Every structure is written in structure tokens, then in C-alpha cells.
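> Below is one structure. I have some questions about it.
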Amino acid sequence: MNESQEFTLRDYVHIIGKRKHVIIAVTILMVLSVGIYTYLQKPVYRSSGQIVIDRSPNIMRRSNVTKEMYKKSKNVYIQRLRSIEFLQKIKKILIEKKSSNIDFSLISPSVVSKNLRVYINESIDSISLVYDDNDNEKVYLILNCIMDEFIVWLQKYGHESIQKSVNFLKTRLDIIRDSLLKAENELKEFQKSNNVFSLPSQIIQLQEELIKLDSQKAELISNLKEIDYTLEHLKKEFKNKVKNNKEYEKYLINPKIESLEVNIEKAKSKLVEYSQLYSPQHPKIQELRLKIAAYQDEFTKLPQQFDSSDMENYRGVDDPILKTIIQNVYSLKVKKVSSKVRISTLEKVIENKKNSFSNLPKSNLKFARLERKLKVTEALYSNLLVRYNEALLEAATQESEARILVIARKPSRPIKPNIKNNLLVSLIAGLIIGLSFAFLVDTLDNTIRSPEEGKKIIKLPVMGMIPMLHNDSESEKELQGNIDPILITYHYPQSVSSESFRGLRTNLMFYQQQNDSKTFMITNASQAKGKTTIISNLAISIAYTGKRVLLVDADLRKPFLHKLFRIPNNIGLTSIFYGTNPEEAVQKTIVEGLNILSSGPIPPNPSELLSSTTMDEIINFFADKYDIILFDSTPVVAVTDASILSSKVENTLFMVCVRDDSKQQIKKGMDILKQINANTMGVVYNKVRERELGGYYYRYA
């Protein structure tokens, strides 16, 4: 198909049919490869389970600070379940149980961690676990043990967290109770000695506002104490777990926070110093206040959670629990400074409110201060008491924080390898690759792939189409005569191939009658394509009609005709040039009516011999004695011999070997014949598949 022509659906179907062997071979190879790979794979079994986390409200979840110390986020759950330390414990438990014949001492915690997948479902507070293994019994025993031990771990840490919360709240409650009693006594003593029991009506509302602000401040201060308490315990826990105790603190230092804290403290110290020297409106005082406000504003912009991009804190820390502690320390430090900023802001508001009391008598001022102190302490004590009672109730009624919702079951069949799926995918992939390869090969194939394609390039009549020659006799008779088996018109005259030569003979003889010519030459574009075989079988077929036929081997470089007919080549065409009688150079064959003029000894100058006038005389001599003369020649592209001979004979047949001769070679050969004005009568296609013969030829019964 030439480059300018577009492909149609019929062309694609034709290519698929033509390259079906390639497609089938690639597909079979792909399926076999995948099949062997699948067969050699170890089976993989999968078991799954589910744990539900109890989310009932407790003091740890109500608290704004202490829960940070024991909070188990979804990442912590995943890290704990897949940690080597935890899985080493699982291995030890399984070995001690001896509940099956499996040798659990051979399992590797790192392999278990790799094959275990954990999914957190936050909407229903559950953990789904999936585990894969090559043993269908081991897979579910390991997973059930993991879930059991994880629940034990959750219960243990839940109990510890509640108990620590109770102890902390008890300590804080005792301190606040003492402060409350002291505030009550101070107020009673003042009332008794000064006989002041209430404030003037015009400042009662202001007093209530101050009580509210002081309560907020007291709550923030209480939170700061909780943060300090939590940070201290986190540092202790981190110090106990970290390998190098001497350097543990460097992991808990965040440069951003530490730098801002230092800058704020320095600025505050200078502000106190300058306040004793300058008035509040002095530029230096104003500058320091703006600087402190800027530092505090930077704190408000810090993320409330650990910044994972700051990996300096993680360097040298691989344990997931230690990483979680670092995260919580960061978050608590940010909250601590944020609380300080809020306290500082409240103090300014409270100070401004207090200025409204400046005109009151001293006794009223002191009464207002003592009353605020008592009410603020009462509110703080009441809040802590509620939280403390909740903690006691939870500690007394605590149940497991988690429970198994779906137990792991023993799998009945492996999930991998999926033989059906693998073979189906390989079949589809093989077909796709096979089709792609077939179209690629067809695209790269620059040969004439069929007579139909040849007709679009060679604008000459088709004189004959010769199929691939092979011994296809339907009988098992022995070969007759002492000539090559490839001469099928002699050995197998009833074959399809012989019929194709009869078709070529008919066309050639019809042309001969129309043009009254005797000499015919066959040539092609390239070497070793069956040209000699075709001209020999054609000569035999013509001889069967009773005509006198002379077959001349004019290929004086690589003669082959004498080998087909198994005759000597010591005398022939070249012998005539050197004085031998032409009739003595001709040899008879076992085919009646067919004589052969072989090439004779190979000369050093074949082109000069063929172009000589002696060659013209030889042709004229034999033309008077034979009905038809057939010349076998060299390829027209390779050497000039065929070009010279074509100018001396009357007719030239051009042979094309289908799926072998390239389009460029054929075009070049035809151009050469055209340039020398050779009478190219038509084309013969060789090695045509029988289905491409169009049903013209058929087997005789």
C-alpha cells in the first residue's frame, strides 16, 4: 500500500489475517509466561478484623490540657499496631500459647508489620485490620492475637491516664480549697472590723464584670499549671524511653517557640525597668509595648499542631511513641504561650476597669477586691470539683476502651494468585501486544505483500501468479526422471502449482500469437527469488503443447539451469562465442520438445559477450529452428547483463517475489527497463499464497 493511501477497515482486517500467526504466537507466549509465573507464586491468604473504640465522654476528653498527654490519635494507633516492639510481644505470646502446630518462632516482626494494614474509620470510631500471609492458619491466629493485645494496651493506658488526671485534680483541688477558705476568712474579718457589707449601687455592675474577667484569668492560670504539669510528665516519659538520656532535651526544643519566649521575656523586663524611669506615654515605653505585641502576634500565627516539615525534632527518633510525645510537647508549648498572651490581654482590660474604682473610699476598694477574690476562687473550685468527681466516677466504672467487633476468621481460599484473573489479563494483554506488534511489523514491512498491492505499483498486465512451490502430489508415486523435484510441471502435472504455470503459458502464447514473436526473457529485481525455477517450469509446460522450445541460461555469472535439469555445463552459450557449433552446444532433456542451452563455462566478461553482435547471430540462428526461445538472465538491478539482453530479445517478463522484493527494488528495476526501452510485456508474481489466487486455480481430481 503506498504512502498516500489511507487505511480502511478492510485493510486492518487484512493485516490481522495476514499477521495472525504473530498475534497468536505473542498471545500464547504471554499467557504461558503469566501462567508459569502464577503457578510458581506462593498462595497469599488474607484475614481481616475490626475493633471499635469506646468514645463515651470522660474527664480526659473534657479536659482542655491533660488529654494531650495521653491522647491516642489515629496515627498513634497505626504506629503502635505496626511497631516492631509491639509485634515482638505478639510473637512471644504466640510462641507461649502453643495453640497450633505452627512454629511461630520463625515469623519476622518486620514482615508482619509490612503485611499488616490498618485503616481508621473516624465516622464510627473503628479500626479495621487486614493481614496477609502464605499460611491460611497462621494469618488469622496472628491477627486475632494482635487485636487482643492492642485492646489490653488501650485499657492499660486509659486507666493510667484517668488515674493521673485524678491525682492532679486532687492536688489542685486541695490548693484551691485552702485559697477559698483563706479568702472567706479575709472577707469576714474585713466586714467585721470595717462594718462594710456591700458596694454602692453605681459600681455593682462594674464589680460583676471584673469578677467575670478575673474568673477567666484564673481559669487560664489554672490551665497554665495543667500545661506545666503535663509537660513535666511528657519530658519524664520521653527521658525514660530515649536511648541517650543526656541528650533527650534537644529533641523537645523547638527553635521557633524558644526564640519567641526569650524575646518576650527580655522585652517585658525592659518594660518594667523603663516604667520606673519614664511616663506611660514615653516613646521608649510605647516602642517596647509594640514589640511585645508583635512577638505575641507571631505566637498566635503558629500552628496549633506539630509542623511535620520541621524534621529537626525527629532526627534520631524512630519510635512512634517518642514522635507522638514530641508532637504533644510542641502543641502544649504553643498553647502555653497563647494562654499567657490571653492573660496579658485580660490584665490590661482588668486594669482599665479598676481605674473606675479610684474615687471610692479605701474601705470600699478593699471590700471589692476581697469579694472578687472570693467569688473567683469559688468559681474555680466549683469547676475543678465537677471535673474531679467525674474522674472519680470514671475510674470506678471504667471498662475496656475498645472491643473486637469482627473477629479474624480462617480464610478458605487464597486471594493471590488469582489464576482466572491473571490468565484473562494476560490474554487481553497478549492480544493487544500481538496486534500492536503485528501492525508495527506490517508498517515496517516495505515489501510487496500481495499481487493486489503490486498492481498499484507496477502498471503492467499480470501474466501469471505462481504459488509457493512444494511437492503436493496427492499420490505417493515416485519421482520420474533425473531432474530436480522443484520442476513440478514434470513431476506433478495435476497439482495447483502446475495449473498456475499452465495459466502463465496460456497468457504468454496468446501474447506470442498477437505479436508474432519468439524470444522471451525473464528477469527480476534481486537475486535468488525463483526466477530460474519459473522459467524452467514454464518451458516444460509449453513443451507439453508440442512446440519446439529452447531454454537458454543467459545468466553467465551464477548459472543454475543445468543443476535443475542435472546436465553437464562444460559446453553451452559461452562455448559458441569461442567457436563451438551452436547445434552441438544444445542438450536434449527428458521432456520431449524441450532442449537446453546451458551457460557453459563462466567467462571473465559476460556483459561484453551479451552485448556483442555474435549474441545477435546466436539468437537469430536458434529463432529459425525453434517455435519459442526462453532466456533466463541475471537480476536487472544487480548487473547490466539483463539490461543488455532485454534490448536484444523481443519480450521481457518481470518477476516479483511476493513478501520478499522491496518496493524500492521493484521500482528501480522497472525504471531501468523503461530507460532502455525494453518491451516489458507483463509481470509474474511468485510465492503467491493459494488463497490469493482468487479461486482461479483448483486441484484436479
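Each chain in the C-alpha cells gets a letter, A, B and so on, in the order shown; residues start at 1 in every chain, and ligands are counted from 1 in the order they appear.
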Can you pull out every residue within 12 Å of Leu224 in chain A, counting only C-alpha atoms, but drop anything in the same chain fewer than 3 positions away, and send it as a PyMOL selection string?
chain A and resi 64-66+217-221+227-231+332-343
> Just the alpha helix (DSSP H) stuff from range 68-285 of chain A, please, per backbone DSSP, written as JSON, numbers by chain.
{"A": [68, 69, 70, 74, 75, 76, 77, 78, 79, 80, 81, 82, 84, 85, 86, 87, 88, 89, 90, 91, 92, 93, 94, 95, 96, 97, 109, 110, 111, 112, 113, 114, 115, 138, 139, 140, 141, 142, 143, 144, 145, 146, 147, 148, 149, 150, 151, 152, 153, 154, 155, 156, 157, 158, 159, 160, 161, 162, 163, 164, 165, 166, 167, 168, 169, 170, 171, 172, 173, 174, 175, 176, 177, 178, 179, 180, 181, 182, 183, 184, 185, 186, 187, 188, 189, 190, 191, 192, 193, 194, 204, 205, 206, 207, 208, 209, 210, 211, 212, 213, 214, 215, 216, 217, 218, 219, 220, 221, 222, 223, 224, 225, 226, 227, 228, 229, 230, 231, 232, 233, 234, 235, 236, 237, 238, 239, 240, 241, 248, 249, 250, 251, 255, 256, 257, 258, 259, 260, 261, 262, 263, 264, 265, 266, 267, 268, 269, 270, 271, 272, 273, 274, 275, 283, 284, 285]}
> What's around range 645-661 of chain A at 6 Å? Count only C-alpha atoms, leave out sequence neighbours fewer than 4 positions away in its own chain, and write the answer as a list of chain:residue names.
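Here the qualifying residues turn out to be A:Thr447, A:Ile448, A:Arg449, A:Ser450, A:Thr519, A:Phe520, A:Met521, A:Ile522, A:Thr523, A:Asn524, A:Ala678, A:Asn679, A:Thr680, A:Met681, A:Gly682, A:Val683, A:Val684, A:Tyr685, A:Asn686, A:Lys687.
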> Between A:Ile120, A:Ile419, A:Leu431, A:Ile90, which has the minimum distance to Val22 in chain A (counting only C-alpha atoms)?
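Distance minimum relative to Val22 in chain A lands on A:Leu431.
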> So what do you get for CA of Ser126 in chain A versus CA of Arg403 in chain A, distance-wise?
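So the answer is 9.6 Å.
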> Can you work out the spacing between CA of Lys236 in chain A and CA of Tyr330 in chain A in Å, to one decimal?
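Computed distance, CA of Lys236 in chain A to CA of Tyr330 in chain A, equals 15.3 Å.
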> Excluding range 186-202 of chain A and residues on its chain fewer than 5 positions from it, collect all residues at most 7 Å away from it, counting only C-alpha atoms, and give them as a list in words.
Asn364, Leu370 and Glu371 of chain A
> Take the residues from that selection and put them in a file with N, CA and C atoms, as a short mmCIF file (atom, residue, chain, number, x, y, z; two decimals), in the first residue's frame.

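Output below, filename out_0.cif:
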```
data_model
loop_
_atom_site.label_atom_id
_atom_site.label_comp_id
_atom_site.auth_asym_id
_atom_site.auth_seq_id
_atom_site.Cartn_x
_atom_site.Cartn_y
_atom_site.Cartn_z
N ASN A 364 -14.14 50.61 100.73
CA ASN A 364 -14.93 50.02 99.64
C ASN A 364 -14.03 49.33 98.61
N LEU A 370 -11.59 41.92 97.95
CA LEU A 370 -11.77 40.67 98.70
C LEU A 370 -12.99 39.89 98.19
N GLU A 371 -14.04 40.61 97.82
CA GLU A 371 -15.24 39.95 97.31
C GLU A 371 -14.94 39.28 95.96
#
```
> Give me the residues of range 598-654 of chain A that have any atom at most 6 Å from an atom of range 550-561 of chain A; for each, the nearest atom pair and the distance in Å, rounded to one decimal. Use only C-alpha atoms, sort by chain and number, and format it as CSV.

```
residue,atom,partner,partner_atom,distance
A:Ser598,CA,A:Asp553,CA,4.9
A:Ser599,CA,A:Asp553,CA,5.0
A:Ile602,CA,A:Leu556,CA,5.7
A:Pro606,CA,A:Leu556,CA,5.8
A:Ile629,CA,A:Leu550,CA,4.8
A:Leu630,CA,A:Leu551,CA,4.9
A:Phe631,CA,A:Val552,CA,4.8
A:Asp632,CA,A:Asp553,CA,5.0
A:Ser633,CA,A:Asp555,CA,4.5
A:Thr634,CA,A:Asp555,CA,5.1
```
> Using only C-alpha atoms, determine which residues lie at most 12 Å from Tyr12 in chain A, disregarding the query and same-chain residues fewer than 3 positions distant; provide the list as a compact mmCIF listing (two decimals) with N, CA and C atoms, in the first residue's frame.

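To be explicit, this is the file written out as part.txt:
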```
# COMPACT_ATOMS: atom_id res chain seq x y z
N MET A 1 0.86 -1.20 0.00
CA MET A 1 0.00 0.00 0.00
C MET A 1 0.89 1.23 0.00
N GLU A 6 -4.88 5.96 2.39
CA GLU A 6 -5.32 5.82 3.77
C GLU A 6 -5.77 4.39 4.04
N PHE A 7 -5.60 3.99 5.31
CA PHE A 7 -6.04 2.66 5.72
C PHE A 7 -7.56 2.64 5.90
N THR A 8 -8.16 1.57 5.45
CA THR A 8 -9.59 1.36 5.68
C THR A 8 -9.75 0.20 6.64
N LEU A 9 -11.00 -0.02 7.09
CA LEU A 9 -11.27 -1.14 7.99
C LEU A 9 -10.89 -2.46 7.33
N ILE A 15 -4.63 -7.03 7.46
CA ILE A 15 -3.36 -7.12 8.18
C ILE A 15 -3.47 -8.12 9.32
N ILE A 16 -4.60 -8.09 10.06
CA ILE A 16 -4.80 -9.03 11.16
C ILE A 16 -4.78 -10.46 10.64
N GLY A 17 -5.47 -10.69 9.53
CA GLY A 17 -5.48 -12.03 8.95
C GLY A 17 -4.11 -12.45 8.47
N LYS A 18 -3.39 -11.52 7.89
CA LYS A 18 -2.07 -11.83 7.34
C LYS A 18 -1.06 -12.10 8.45
N ARG A 19 -1.19 -11.36 9.56
CA ARG A 19 -0.23 -11.50 10.67
C ARG A 19 -0.80 -12.29 11.84
N LYS A 20 -1.79 -13.11 11.57
CA LYS A 20 -2.46 -13.82 12.67
C LYS A 20 -1.51 -14.74 13.42
N LEU A 435 -1.36 -7.56 18.53
CA LEU A 435 -1.90 -6.68 17.49
C LEU A 435 -0.96 -5.52 17.22
N SER A 436 -0.44 -4.93 18.30
CA SER A 436 0.49 -3.80 18.13
C SER A 436 1.73 -4.24 17.38
N ALA A 438 1.98 -6.81 15.39
CA ALA A 438 1.62 -7.15 14.00
C ALA A 438 1.54 -5.90 13.14
N PHE A 439 0.89 -4.84 13.66
CA PHE A 439 0.78 -3.60 12.89
C PHE A 439 2.15 -2.93 12.73
N ASP A 442 3.97 -4.88 10.11
CA ASP A 442 3.38 -4.58 8.80
C ASP A 442 3.78 -3.20 8.32
N THR A 443 3.86 -2.25 9.26
CA THR A 443 4.26 -0.89 8.89
C THR A 443 5.71 -0.85 8.43
```
> Could you pull the residues within 9 Å of Tyr119 in chain A, counting only C-alpha atoms, minus those fewer than 5 positions along the same chain, as a VMD selection string?
chain A and resid 74 78 126 to 130
